[in-house]
file final_10.txt (compact mmCIF, C-alpha atoms and all ligand atoms)
# COMPACT_ATOMS: atom_id res chain seq x y z
CA MET D 16 135.88 48.57 -91.49
CA THR D 17 135.47 50.33 -94.80
CA GLU D 18 134.35 53.86 -94.35
CA HIS D 19 131.90 54.78 -97.04
CA ALA D 20 131.71 58.26 -98.47
CA VAL D 21 127.96 58.26 -97.95
CA GLN D 22 125.96 55.84 -95.86
CA LEU D 23 122.22 55.90 -95.31
CA THR D 24 120.65 53.40 -92.97
CA ALA D 25 116.90 52.92 -92.64
CA VAL D 26 116.21 56.52 -93.61
CA ARG D 27 112.62 57.70 -93.49
CA ARG D 28 111.29 61.08 -94.44
CA ARG D 29 107.61 61.81 -94.30
CA TYR D 30 105.73 64.95 -95.19
CA ALA D 31 102.67 65.55 -93.09
CA ALA D 32 99.32 66.28 -94.73
CA LYS D 33 98.67 69.99 -95.05
CA GLY D 34 94.91 69.72 -94.73
CA ALA D 35 92.23 67.22 -93.80
CA ALA D 36 91.58 66.38 -97.45
CA GLU D 37 95.22 65.54 -98.13
CA ALA D 38 97.18 62.45 -97.29
CA GLY D 39 100.74 62.74 -96.04
CA VAL D 40 103.57 61.49 -98.25
CA THR D 41 106.30 59.10 -97.31
CA ALA D 42 109.07 60.50 -99.49
CA LEU D 43 111.70 58.05 -98.22
CA ASP D 44 110.73 54.73 -96.76
CA ASP D 45 113.46 52.71 -95.08
CA VAL D 46 116.26 53.59 -97.47
CA THR D 47 119.59 51.90 -96.85
CA LEU D 48 122.44 52.68 -99.21
CA ALA D 49 126.22 52.72 -98.93
CA LEU D 50 128.35 54.52 -101.50
CA PRO D 51 132.08 53.78 -101.55
CA ARG D 52 134.62 56.56 -101.86
CA GLY D 53 135.63 57.26 -105.41
CA SER D 54 132.38 55.96 -106.88
CA PHE D 55 129.89 57.56 -109.27
CA THR D 56 126.26 56.73 -108.51
CA ALA D 57 123.18 57.72 -110.46
CA VAL D 58 119.78 57.81 -108.79
CA MET D 59 116.79 57.24 -111.04
CA GLY D 60 113.09 56.71 -110.58
CA PRO D 61 109.70 58.07 -111.55
CA SER D 62 108.83 61.65 -110.69
CA GLY D 63 107.94 61.89 -107.02
CA SER D 64 109.81 58.71 -106.11
CA GLY D 65 111.99 60.55 -103.59
CA LYS D 66 115.18 61.22 -105.56
CA SER D 67 115.59 64.83 -104.51
CA THR D 68 114.64 64.01 -100.93
CA LEU D 69 117.25 61.26 -100.90
CA LEU D 70 119.94 63.60 -102.18
CA GLN D 71 119.01 66.34 -99.76
CA CYS D 72 118.96 64.03 -96.76
CA ALA D 73 122.32 62.58 -97.81
CA ALA D 74 123.81 66.04 -98.24
CA GLY D 75 122.59 67.38 -94.92
CA LEU D 76 120.17 69.80 -96.56
CA ASP D 77 117.17 68.04 -95.09
CA ARG D 78 116.75 65.94 -91.99
CA PRO D 79 115.22 62.47 -92.04
CA ASP D 80 112.53 61.62 -89.50
CA SER D 81 114.45 58.51 -88.55
CA GLY D 82 117.45 56.51 -89.63
CA SER D 83 121.07 57.43 -89.98
CA VAL D 84 123.02 59.46 -92.53
CA ARG D 85 126.80 59.41 -92.48
CA ILE D 86 129.25 61.39 -94.57
CA GLY D 87 132.64 59.79 -94.17
CA GLY D 88 132.78 58.93 -90.50
CA THR D 89 130.40 61.69 -89.42
CA GLU D 90 126.84 61.01 -88.33
CA LEU D 91 124.67 63.88 -89.58
CA THR D 92 121.52 63.19 -87.66
CA GLY D 93 121.74 64.98 -84.35
CA LEU D 94 124.22 67.59 -85.54
CA SER D 95 123.26 71.15 -84.67
CA GLU D 96 122.30 73.46 -87.52
CA ARG D 97 125.60 75.23 -87.15
CA ARG D 98 127.67 72.08 -87.38
CA LEU D 99 125.59 70.83 -90.28
CA THR D 100 126.16 74.10 -92.13
CA LEU D 101 129.89 73.85 -91.55
CA LEU D 102 129.94 70.25 -92.71
CA ARG D 103 128.06 71.13 -95.89
CA ARG D 104 130.38 74.01 -96.53
CA GLU D 105 133.58 72.10 -96.02
CA ARG D 106 132.85 68.58 -97.14
CA ILE D 107 129.98 68.65 -99.59
CA GLY D 108 129.44 70.13 -103.03
CA PHE D 109 125.98 70.51 -104.53
CA VAL D 110 125.02 71.27 -108.11
CA PHE D 111 121.45 72.01 -109.16
CA GLN D 112 119.61 71.81 -112.42
CA ALA D 113 119.12 75.57 -112.31
CA PHE D 114 122.83 76.45 -111.78
CA ASN D 115 121.99 79.06 -109.10
CA LEU D 116 124.82 81.37 -109.99
CA LEU D 117 124.67 84.94 -108.77
CA PRO D 118 124.01 87.11 -111.81
CA ALA D 119 125.81 90.20 -110.51
CA LEU D 120 129.05 88.35 -109.80
CA THR D 121 131.64 87.31 -112.36
CA ALA D 122 132.43 83.63 -112.86
CA GLU D 123 135.53 84.02 -110.69
CA GLN D 124 133.55 85.68 -107.93
CA ASN D 125 130.84 83.03 -108.07
CA VAL D 126 133.46 80.31 -107.82
CA ALA D 127 135.19 82.02 -104.89
CA LEU D 128 131.97 82.48 -102.93
CA PRO D 129 132.00 79.26 -100.88
CA LEU D 130 135.43 80.15 -99.54
CA ARG D 131 134.30 83.65 -98.70
CA LEU D 132 131.32 82.19 -96.89
CA ALA D 133 133.69 80.09 -94.86
CA GLY D 134 135.58 83.24 -93.96
CA ARG D 135 138.57 82.21 -96.03
CA ARG D 136 140.34 84.34 -98.53
CA PRO D 137 140.19 82.59 -101.89
CA SER D 138 143.54 82.51 -103.64
CA LYS D 139 143.44 83.65 -107.24
CA ALA D 140 145.49 80.62 -108.20
CA ARG D 141 142.95 78.24 -106.69
CA VAL D 142 140.03 79.96 -108.42
CA ARG D 143 141.88 79.75 -111.74
CA GLU D 144 142.74 76.13 -111.11
CA VAL D 145 139.13 75.04 -110.72
CA LEU D 146 138.06 77.18 -113.67
CA ARG D 147 140.73 75.43 -115.71
CA GLN D 148 139.46 72.06 -114.49
CA VAL D 149 136.06 72.79 -115.97
CA GLY D 150 137.60 74.20 -119.16
CA LEU D 151 136.69 77.82 -118.51
CA ALA D 152 139.99 79.44 -117.65
CA GLU D 153 139.27 82.15 -120.21
CA ARG D 154 135.84 83.03 -118.90
CA GLY D 155 136.59 84.08 -115.34
CA ARG D 156 135.64 87.72 -115.85
CA HIS D 157 132.31 86.99 -117.51
CA ARG D 158 129.02 87.20 -115.70
CA PRO D 159 126.56 84.30 -115.91
CA GLY D 160 124.35 86.18 -118.38
CA GLU D 161 127.26 86.25 -120.80
CA LEU D 162 127.75 82.50 -120.68
CA SER D 163 125.90 79.60 -122.30
CA GLY D 164 123.91 77.15 -120.18
CA GLY D 165 126.64 74.55 -120.37
CA GLN D 166 129.26 77.09 -119.37
CA GLN D 167 127.12 78.27 -116.47
CA GLN D 168 126.75 74.73 -115.22
CA ARG D 169 130.51 74.27 -115.47
CA ILE D 170 130.96 77.43 -113.37
CA ALA D 171 128.54 75.95 -110.85
CA LEU D 172 130.68 72.78 -110.85
CA ALA D 173 133.82 74.83 -110.29
CA ARG D 174 132.08 76.57 -107.40
CA ALA D 175 131.16 73.21 -105.92
CA LEU D 176 134.74 71.99 -106.32
CA ILE D 177 136.64 74.89 -104.87
CA THR D 178 136.41 73.59 -101.31
CA ARG D 179 137.61 70.15 -102.46
CA PRO D 180 134.46 68.42 -101.20
CA GLU D 181 134.50 64.73 -100.34
CA VAL D 182 131.19 64.20 -102.06
CA LEU D 183 129.61 66.04 -104.94
CA PHE D 184 125.83 65.81 -105.24
CA GLY D 185 123.97 66.80 -108.38
CA ASP D 186 120.18 67.02 -108.69
CA GLU D 187 119.63 66.68 -112.43
CA PRO D 188 122.79 68.65 -113.20
CA THR D 189 122.33 68.10 -116.92
CA GLY D 190 118.55 68.48 -116.87
CA ALA D 191 118.61 72.00 -118.32
CA LEU D 192 121.38 71.36 -120.85
CA ASP D 193 121.26 70.26 -124.46
CA THR D 194 122.71 66.87 -125.31
CA THR D 195 126.20 68.05 -126.23
CA THR D 196 126.83 70.35 -123.28
CA GLY D 197 125.19 67.79 -121.00
CA ARG D 198 127.74 65.22 -122.14
CA GLU D 199 130.57 67.66 -121.42
CA VAL D 200 129.37 68.10 -117.86
CA LEU D 201 128.99 64.32 -117.46
CA ALA D 202 132.52 63.75 -118.74
CA LEU D 203 133.75 66.28 -116.16
CA LEU D 204 131.90 64.47 -113.38
CA ARG D 205 133.35 61.17 -114.55
CA GLY D 206 136.82 62.74 -114.55
CA MET D 207 136.39 63.93 -110.97
CA VAL D 208 135.79 60.36 -109.92
CA ASP D 209 138.49 58.73 -112.06
CA GLY D 210 141.09 61.46 -111.80
CA ASP D 211 140.58 62.87 -108.31
CA GLY D 212 138.96 59.95 -106.49
CA ARG D 213 135.97 62.08 -105.62
CA THR D 214 132.56 60.60 -104.89
CA VAL D 215 129.70 61.74 -107.11
CA VAL D 216 125.98 61.14 -106.60
CA MET D 217 123.68 62.38 -109.34
CA VAL D 218 119.93 62.29 -109.84
CA THR D 219 118.98 61.99 -113.49
CA HIS D 220 116.12 61.06 -115.80
CA ASP D 221 118.46 60.39 -118.67
CA PRO D 222 119.63 56.81 -119.25
CA VAL D 223 122.65 58.10 -121.18
CA ALA D 224 123.64 60.31 -118.25
CA ALA D 225 123.15 57.38 -115.89
CA SER D 226 125.42 55.24 -118.04
CA TYR D 227 128.36 57.50 -117.06
CA ALA D 228 127.91 56.23 -113.48
CA ASP D 229 129.37 53.04 -112.02
CA ARG D 230 126.07 52.17 -110.47
CA VAL D 231 122.45 53.15 -110.94
CA VAL D 232 120.11 52.97 -107.95
CA PHE D 233 116.38 52.96 -108.69
CA LEU D 234 113.78 54.44 -106.39
CA VAL D 235 110.07 53.77 -106.49
CA ASP D 236 107.68 55.32 -103.97
CA GLY D 237 110.51 56.23 -101.64
CA ARG D 238 112.06 52.77 -101.58
CA VAL D 239 115.15 51.38 -103.25
CA HIS D 240 113.92 49.26 -106.11
CA GLY D 241 117.03 47.50 -107.33
CA GLU D 242 120.20 48.69 -108.96
CA LEU D 243 122.42 48.16 -111.98
CA VAL D 244 126.20 48.12 -112.00
CA GLY D 245 128.21 49.14 -115.06
CA ALA D 246 125.10 49.27 -117.22
CA ASP D 247 124.90 50.90 -120.64
CA ALA D 248 122.18 53.37 -121.58
CA GLU D 249 120.04 50.71 -123.29
CA THR D 250 120.00 48.55 -120.19
CA VAL D 251 119.19 51.48 -117.96
CA ALA D 252 116.37 52.60 -120.27
CA ALA D 253 114.93 49.08 -120.31
CA ARG D 254 114.93 48.98 -116.52
CA MET D 255 113.26 52.38 -116.33
CA ALA D 256 110.62 51.18 -118.76
CA GLY D 257 110.06 48.22 -116.46
CA LEU D 258 109.34 50.60 -113.60
CA GLU D 259 106.53 52.17 -115.57
CA GLY D 260 103.30 52.01 -113.64
CA HIS D 261 105.09 51.39 -110.35
CA GLY D 262 105.51 54.99 -109.35
CA ARG D 263 103.07 57.61 -108.21
CA THR D 264 103.25 59.00 -111.73
CA GLY D 265 105.03 56.96 -114.35
CA GLU D 266 107.88 58.73 -116.08
CA ALA D 267 109.83 55.76 -117.30
CA GLY D 268 108.26 55.88 -120.72
CA THR D 269 109.57 59.39 -121.12
CA ALA D 270 113.10 58.22 -120.41
CA ARG D 271 112.73 55.55 -123.03
CA ALA D 272 111.35 58.01 -125.56
CA ALA D 273 114.15 60.44 -124.79
CA LEU D 274 116.73 57.79 -125.43
CA ASP D 275 115.10 56.76 -128.68
CA ALA D 276 114.94 60.34 -129.82
CA GLY D 277 118.49 61.03 -128.68
CA THR D 278 117.36 64.11 -126.78
CA GLY D 279 119.13 63.17 -123.60
CA GLY D 280 115.91 63.04 -121.63
CA ARG D 281 115.42 66.68 -120.91
CA HIS D 282 112.92 67.30 -118.18
CA ASP D 283 111.81 70.18 -116.14
CA ASP D 284 111.32 68.44 -112.89
CA ALA D 285 113.09 69.11 -109.70
CA PRO D 286 113.89 72.62 -108.68
CA ALA D 287 110.89 74.32 -110.18
CA ARG D 288 108.73 73.51 -107.20
CA PRO D 289 109.43 75.87 -104.35
CA HIS D 290 109.53 73.95 -101.11
CA ALA D 291 108.11 75.45 -98.04
CA GLY D 292 110.36 74.94 -95.07
CA ARG D 293 109.40 72.14 -92.80
CA ALA D 294 107.12 73.37 -90.07
CA GLY D 295 109.08 73.49 -86.84
CA GLY D 296 111.90 71.71 -88.56
CA GLY D 297 114.59 74.25 -87.84
CA GLY D 298 116.79 75.82 -90.45
CA ALA D 299 117.52 72.80 -92.60
CA GLY D 300 115.26 73.61 -95.51
CA ARG D 301 114.73 71.79 -98.77
CA GLY D 302 115.42 72.43 -102.37
CA ALA D 303 117.65 74.75 -104.26
CA GLN D 304 116.48 77.91 -102.62
CA ALA D 305 116.50 76.44 -99.17
CA ALA D 306 119.96 75.02 -99.70
CA GLN D 307 121.38 78.41 -100.27
CA ALA D 308 118.97 80.21 -98.03
CA ALA D 309 120.59 78.40 -95.14
CA GLN D 310 123.63 80.48 -95.86
CA GLY D 311 121.69 83.39 -97.27
CA ALA D 312 122.11 86.28 -94.89
CA GLN D 313 125.75 85.55 -94.42
CA ALA D 314 126.33 85.19 -98.14
CA ALA D 315 124.63 88.48 -98.83
CA GLN D 316 126.87 90.11 -96.26
CA SER D 317 129.97 88.64 -97.84
CA ALA D 318 128.85 89.67 -101.27
CA GLN D 319 128.14 93.13 -100.03
CA ALA D 320 131.58 93.38 -98.50
CA ALA D 321 133.17 92.05 -101.64
CA GLN D 322 131.06 93.55 -104.36
CA GLY D 323 128.88 96.33 -103.13
CA PRO D 324 125.16 96.43 -102.56
CA GLN D 325 124.19 95.42 -106.07
CA ALA D 326 125.82 92.04 -105.73
CA ALA D 327 124.24 91.50 -102.37
CA GLN D 328 120.88 92.20 -103.94
CA GLY D 329 121.57 89.75 -106.70
CA LEU D 330 122.53 87.18 -104.14
CA ALA D 331 119.44 87.68 -102.07
CA ALA D 332 117.30 87.41 -105.19
CA SER D 333 118.93 84.25 -106.40
CA GLU D 334 118.61 82.67 -103.00
CA GLY D 335 114.92 83.11 -102.96
CA ALA D 336 112.80 84.83 -100.43
CA SER D 337 112.95 82.03 -97.96
CA CYS D 338 115.86 83.31 -95.92
N1 LIG B 401 108.24 70.13 -99.10
C1 LIG B 401 107.42 69.14 -99.38
N2 LIG B 401 106.21 69.06 -98.79
C2 LIG B 401 105.36 68.05 -99.04
N3 LIG B 401 105.63 67.03 -99.87
C3 LIG B 401 106.82 67.03 -100.48
C4 LIG B 401 107.78 68.08 -100.28
N4 LIG B 401 108.87 67.80 -101.02
C5 LIG B 401 108.61 66.64 -101.66
N5 LIG B 401 107.39 66.19 -101.34
C6 LIG B 401 106.77 64.94 -101.84
O1 LIG B 401 107.65 63.86 -101.56
C7 LIG B 401 107.69 62.96 -102.63
C8 LIG B 401 109.10 62.84 -103.15
O2 LIG B 401 109.50 64.08 -103.70
P1 LIG B 401 110.91 64.29 -104.40
O3 LIG B 401 111.98 63.78 -103.51
O4 LIG B 401 111.00 65.71 -104.81
O5 LIG B 401 110.78 63.33 -105.67
P2 LIG B 401 111.61 63.27 -107.03
O6 LIG B 401 112.84 64.12 -106.87
O7 LIG B 401 111.91 61.83 -107.24
O8 LIG B 401 110.70 63.78 -108.10
C9 LIG B 401 106.72 63.50 -103.67
O9 LIG B 401 105.48 62.86 -103.50
C10 LIG B 401 106.62 64.95 -103.34
O10 LIG B 401 105.40 65.49 -103.72
MG MG B 402 113.52 65.77 -107.91
call {"tool": "encode", "arguments": {"input": "final_10.txt", "output": "structure tokens"}}
result
Amino acid sequence: MTEHAVQLTAVRRRYAAKGAAEAGVTALDDVTLALPRGSFTAVMGPSGSGKSTLLQCAAGLDRPDSGSVRIGGTELTGLSERRLTLLRRERIGFVFQAFNLLPALTAEQNVALPLRLAGRRPSKARVREVLRQVGLAERGRHRPGELSGGQQQRIALARALITRPEVLFGDEPTGALDTTTGREVLALLRGMVDGDGRTVVMVTHDPVAASYADRVVFLVDGRVHGELVGADAETVAARMAGLEGHGRTGEAGTARAALDAGTGGRHDDAPARPHAGRAGGGGAGRGAQAAQAAQGAQAAQSAQAAQGPQAAQGLAASEGASC
């Protein structure tokens, strides 16, 4: 039996209505998807179609209401919070549109953080190695504020890579970057798949970004709505245009326009919306803040030990108030 890097089977995730006047939302509706090891998959779809929810369920940041999620041979549903946290730490990398670097830490310290969180002592050589991989060997001592957006995202990539994760997830990782730096990050992601056999799953609005992937999976209203394999940007854009009107709010036209204008489809979608934790849903929160908040207190402690109180403050701030 082939063991997929990521396997979702009949995954459902529903958000309950918050008040009588509101309807609940089925964010994922019977999603089944298997991603082979060493593949690069893009997930596209109109805004609100469930892309972020899909990524977060697949990465163990959110729990589906039903269905199965497997990373490698491990079934995630039913894992305790503790085991899920360990699995995320050791086997999964996550990159967000908003970088989420800790402003008070240098690039090197940001990159080393996941190892510190795991109670491991990061070797200088390993930190330098991943910084070199993302082309920033010379910038290790800089703080995020001293780096460009593209450089910051490459630091975030290095941070995601330091634990040698089996799967790297990106929620619009190029969404905040200009076309050129976005392409650099995409080329790096491609290289991780081709060179290192890593598995990459990336949400994007940008048909050009999607064309770096082996396969593009389309979501509409929480359901898989077809896919393309080995498609170029034109083909992807045409398919997105075809989805126009299907979604809760059509965004396909924007993708098309972005391609025509050569802007790379910059959008300010995903992480801007702060997600409330799921009522009674335990510690597995959603979204960028929640992702890190899960490790928040511990991270702040580590940072404090390593860097003094200022860093810990920076960490707490960048992890949001939700922890
Ligand atoms: N925490 C939440 N509470 C309630 N509804 C949510 C929450 N997160 C997402 N949703 C809803 O679920 C649907 C899918 O959201 P999301 O996965 O963020 O879509 P996408 O990333 O494709 O824009 C949307 O209708 C969204 O409003
Ligand atoms: Mg999103």
call {"tool": "closest_residue", "arguments": {"input": "final_10.txt", "among": "D:Leu130, D:Leu91, D:Cys72, D:Val149", "to": "ligand LIG 401 (chain B)", "atoms": "only C-alpha atoms and all ligand atoms"}}
result
D:Cys72
call {"tool": "atom_distance", "arguments": {"input": "final_10.txt", "atom1": "CA of Ser83 (chain D)", "atom2": "CA of Gln22 (chain D)"}}
result
7.8 Å
call {"tool": "residues_around", "arguments": {"input": "final_10.txt", "residues": "Pro79 (chain D)", "least_positions_apart": "2", "cutoff": "10 Å", "atoms": "only C-alpha atoms", "output": "list in words"}}
result
Ala25, Val26, Arg27, Arg28, Arg29, Ala42, Leu43, Thr68, Leu69, Gln71, Cys72, Ala73, Gly75, Leu76, Asp77, Ser81, Gly82, Ser83, Val84, Leu91 and Thr92 of chain D
call {"tool": "atom_distance", "arguments": {"input": "final_10.txt", "atom1": "CA of Thr219 (chain D)", "atom2": "CA of Arg179 (chain D)"}}
result
23.1 Å
call {"tool": "atom_distance", "arguments": {"input": "final_10.txt", "atom1": "CA of Ala20 (chain D)", "atom2": "CA of Ile107 (chain D)"}}
result
10.6 Å
call {"tool": "closest_residue", "arguments": {"input": "final_10.txt", "among": "D:Ala38, D:Leu116, D:Leu102, D:Ile177", "to": "ligand LIG 401 (chain B)", "atoms": "only C-alpha atoms and all ligand atoms"}}
result
D:Ala38
call {"tool": "closest_residue", "arguments": {"input": "final_10.txt", "among": "D:Thr250, D:Ser62, D:Gln124, D:Gln168", "to": "ligand LIG 401 (chain B)", "atoms": "only C-alpha atoms and all ligand atoms"}}
result
D:Ser62
call {"tool": "residues_around", "arguments": {"input": "final_10.txt", "residues": "Ala127 (chain D)", "least_positions_apart": "5", "cutoff": "12 Å", "atoms": "all atoms listed in the file", "output": "VMD selection string"}}
result
chain D and resid 116 to 117 120 to 122 132 to 146 155 170 to 178 314 317 to 318 321
call {"tool": "axis_aligned_box", "arguments": {"input": "final_10.txt", "around": "ligand LIG 401 (chain B)", "padding_each_side": "8 Å", "output": "lines of an AutoDock Vina configuration file"}}
result
center_x = 109.1
center_y = 66.0
center_z = -103.4
size_x = 23.5
size_y = 24.3
size_z = 25.3
call {"tool": "closest_residue", "arguments": {"input": "final_10.txt", "among": "D:Thr47, D:Thr189, D:Ser95, D:Gln166", "to": "Phe111 (chain D)", "atoms": "all atoms listed in the file"}}
result
D:Thr189
call {"tool": "closest_residue", "arguments": {"input": "final_10.txt", "among": "D:Gly53, D:Gly237, D:Gly108, D:Gly39", "to": "ligand MG 402 (chain B)", "atoms": "all atoms listed in the file"}}
result
D:Gly237
call {"tool": "closest_residue", "arguments": {"input": "final_10.txt", "among": "D:Ala57, D:Ala256, D:Leu204, D:Leu162", "to": "Leu243 (chain D)", "atoms": "all atoms listed in the file"}}
result
D:Ala57
call {"tool": "residues_near_point", "arguments": {"input": "final_10.txt", "point": "(130.6, 54.3, -113.6)", "cutoff": "7 Å", "atoms": "all atoms listed in the file", "output": "list in words"}}
result
Phe55, Ser226, Tyr227, Ala228, Asp229, Arg230 and Gly245 of chain D
call {"tool": "residues_around", "arguments": {"input": "final_10.txt", "residues": "region 222-225 of chain D", "least_positions_apart": "3", "cutoff": "10 Å", "atoms": "all atoms listed in the file", "output": "count of residues only"}}
result
42
